[in-house]
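Everything below concerns the one structure shown next.
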Amino acid sequence: DSGVTQTPKHLITATGQRVTLRCSPRSGDLSVYWYQQSLDQGLQFLIQYYNGEERAKGNILERFSAQQFPDLHSELNLSSLELGDSALYFCASRFSGESTDTQYFGPGTRLTVL
Amino acid sequence: EDQVTQSPEALRLQEGESSSLNCSYTVSGLRGLFWYRQDPGKGPEFLFTLYSAGEEKEKERLKATLTKKESFLHITAPKPEDSATYLCAGTGGTSYGKLTFGQGTILTVHP
């Protein structure tokens, strides 16, 4: 158990809908990262937050957004969903923003768009 | 653009048959090279972090090494429970710690 929690575990929805994925980092960790894992793309970085502020963005679609709250949990919002958004979404946390620190991953949310 | 390439894509071993997984990287200003293990439908589980060429780390039957261009994950006398996907990832100096992952090596160990 990494100490990172994600809810829900599974999400099934229809095209055009909006969903919110939630992540609680390990106790004391200030940085949260979101990744998407699909069969053809592998694990891809989406976005990073550090202590409530956006730090870095990857190839995140404009339909996707995220935020980190004062209690350090984070939410990833996906809107106008398409079939191709079906994937595993992981969050990872680490103590600081230093690149040499290890990221610990949560169990993931499996999103299925029908 | 940072790139991480893993080989082979899949590896089948008999129990006790030692082998190595390869990770080639092109990461600007490499700050860390990470190995994770991932079971189907689960989150990546941290194994090792390597920071500089020549560094080695061991954990049970696994040993990770790092050169200036590659990293290897050596598996000694594997057991069926070592079957999983092994992921390699790098982070560079200006990336704020985002990980660039390889596609992974699917390891299957037969009893």
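Scheme for the structure tokens: letters A, B, ... for chains in order shown; per-chain residue numbers from 1; ligand numbers from 1 in order shown.
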
DSSP on the backbone, strand (DSSP E or B) only: what residues of chain B does that give? Format it as a PyMOL selection string.
chain B and resi 3-7+10-14+19-26+32-38+45-50+56-59+62-66+70-75+84-91+100-101+105-110

Can you list every residue of region 20-93 of chain A that has an atom at most 8 Å from region 75-98 of chain B, with its nearest atom pair and the distance in Å to one decimal, using only C-alpha atoms, ordered by chain then number, as JSON lines?
```
{"residue": "A:Tyr33", "atom": "CA", "partner": "B:Lys98", "partner_atom": "CA", "distance": 7.6}
{"residue": "A:Phe45", "atom": "CA", "partner": "B:Lys98", "partner_atom": "CA", "distance": 6.7}
{"residue": "A:Gln48", "atom": "CA", "partner": "B:Lys98", "partner_atom": "CA", "distance": 7.6}
{"residue": "A:Arg55", "atom": "CA", "partner": "B:Tyr96", "partner_atom": "CA", "distance": 7.2}
{"residue": "A:Ala56", "atom": "CA", "partner": "B:Tyr96", "partner_atom": "CA", "distance": 6.7}
```

Per residue of chain B within 9 Å of chain A, record the nearest atom pair and its distance in Å to one decimal, counting only C-alpha atoms, with rows in chain order and ascending residue number, as a tab-separated table.
```
residue	atom	partner	partner_atom	distance
B:Arg31	CA	A:Thr100	CA	5.9
B:Gly32	CA	A:Thr100	CA	5.6
B:Leu33	CA	A:Thr100	CA	8.8
B:Phe34	CA	A:Thr102	CA	8.0
B:Gly41	CA	A:Gly108	CA	8.1
B:Lys42	CA	A:Pro107	CA	5.4
B:Gly43	CA	A:Pro107	CA	4.5
B:Pro44	CA	A:Phe105	CA	6.0
B:Glu45	CA	A:Phe105	CA	6.9
B:Phe46	CA	A:Tyr104	CA	6.7
B:Phe48	CA	A:Thr102	CA	8.8
B:Thr49	CA	A:Thr102	CA	7.3
B:Tyr51	CA	A:Thr100	CA	7.8
B:Thr91	CA	A:Ser99	CA	6.6
B:Gly92	CA	A:Ser99	CA	7.3
B:Gly93	CA	A:Ser99	CA	7.3
B:Thr94	CA	A:Ser99	CA	8.6
B:Ser95	CA	A:Ser99	CA	7.5
B:Tyr96	CA	A:Ser99	CA	5.6
B:Gly97	CA	A:Ser99	CA	3.8
B:Lys98	CA	A:Phe45	CA	6.7
B:Leu99	CA	A:Phe45	CA	6.9
B:Thr100	CA	A:Gln44	CA	7.3
B:Phe101	CA	A:Leu43	CA	6.1
B:Gly102	CA	A:Gly42	CA	7.5
B:Gln103	CA	A:Gly42	CA	5.6
B:Gly104	CA	A:Gly42	CA	8.1
```

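Picture a line from CA of Thr13 (chain A) to CA of Asp71 (chain A); it runs 28.3 Å.
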
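Note that the spacing between CA of Ser65 (chain A) and CA of Gln3 (chain B) amounts to 25.3 Å.
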
Region 17-23 of chain B environment, 7 Å, only C-alpha atoms, sequence neighbours closer than 3 positions dropped, as a ChimeraX atom specification
/B:4-8,13-14,70-78,88

Any chance you could export the current selection's C-alpha atoms as a PDB file, in the first residue's frame?
```pdb
ATOM      1  CA  VAL B   4      12.767   6.268 -22.636  1.00  0.00           C
ATOM      2  CA  THR B   5      12.832   2.983 -24.547  1.00  0.00           C
ATOM      3  CA  GLN B   6      12.567  -0.448 -22.960  1.00  0.00           C
ATOM      4  CA  SER B   7      13.463  -3.827 -24.394  1.00  0.00           C
ATOM      5  CA  PRO B   8      12.380  -6.481 -24.846  1.00  0.00           C
ATOM      6  CA  LEU B  13      11.572 -17.135 -18.405  1.00  0.00           C
ATOM      7  CA  GLN B  14      11.592 -20.454 -16.634  1.00  0.00           C
ATOM      8  CA  GLU B  70      21.149   2.859 -20.203  1.00  0.00           C
ATOM      9  CA  SER B  71      19.815   1.166 -17.130  1.00  0.00           C
ATOM     10  CA  PHE B  72      19.479  -2.556 -16.567  1.00  0.00           C
ATOM     11  CA  LEU B  73      17.232  -4.500 -14.259  1.00  0.00           C
ATOM     12  CA  HIS B  74      18.826  -7.855 -13.530  1.00  0.00           C
ATOM     13  CA  ILE B  75      16.588 -10.617 -12.242  1.00  0.00           C
ATOM     14  CA  THR B  76      18.395 -13.493 -10.534  1.00  0.00           C
ATOM     15  CA  ALA B  77      16.692 -16.877 -10.173  1.00  0.00           C
ATOM     16  CA  PRO B  78      13.202 -15.457 -10.773  1.00  0.00           C
ATOM     17  CA  CYS B  88      11.476   2.432 -16.369  1.00  0.00           C
TER      18      CYS B  88
END
```

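The space separating CA of Pro40 (chain B) from CA of Ala87 (chain A) comes to 13.2 Å.
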
Just want the 9 Å neighbourhood of Asp29 (chain A), counted on only C-alpha atoms, with same-chain residues fewer than 4 positions away dropped. Output as a ChimeraX atom specification.
/A:25,51,72,93-96
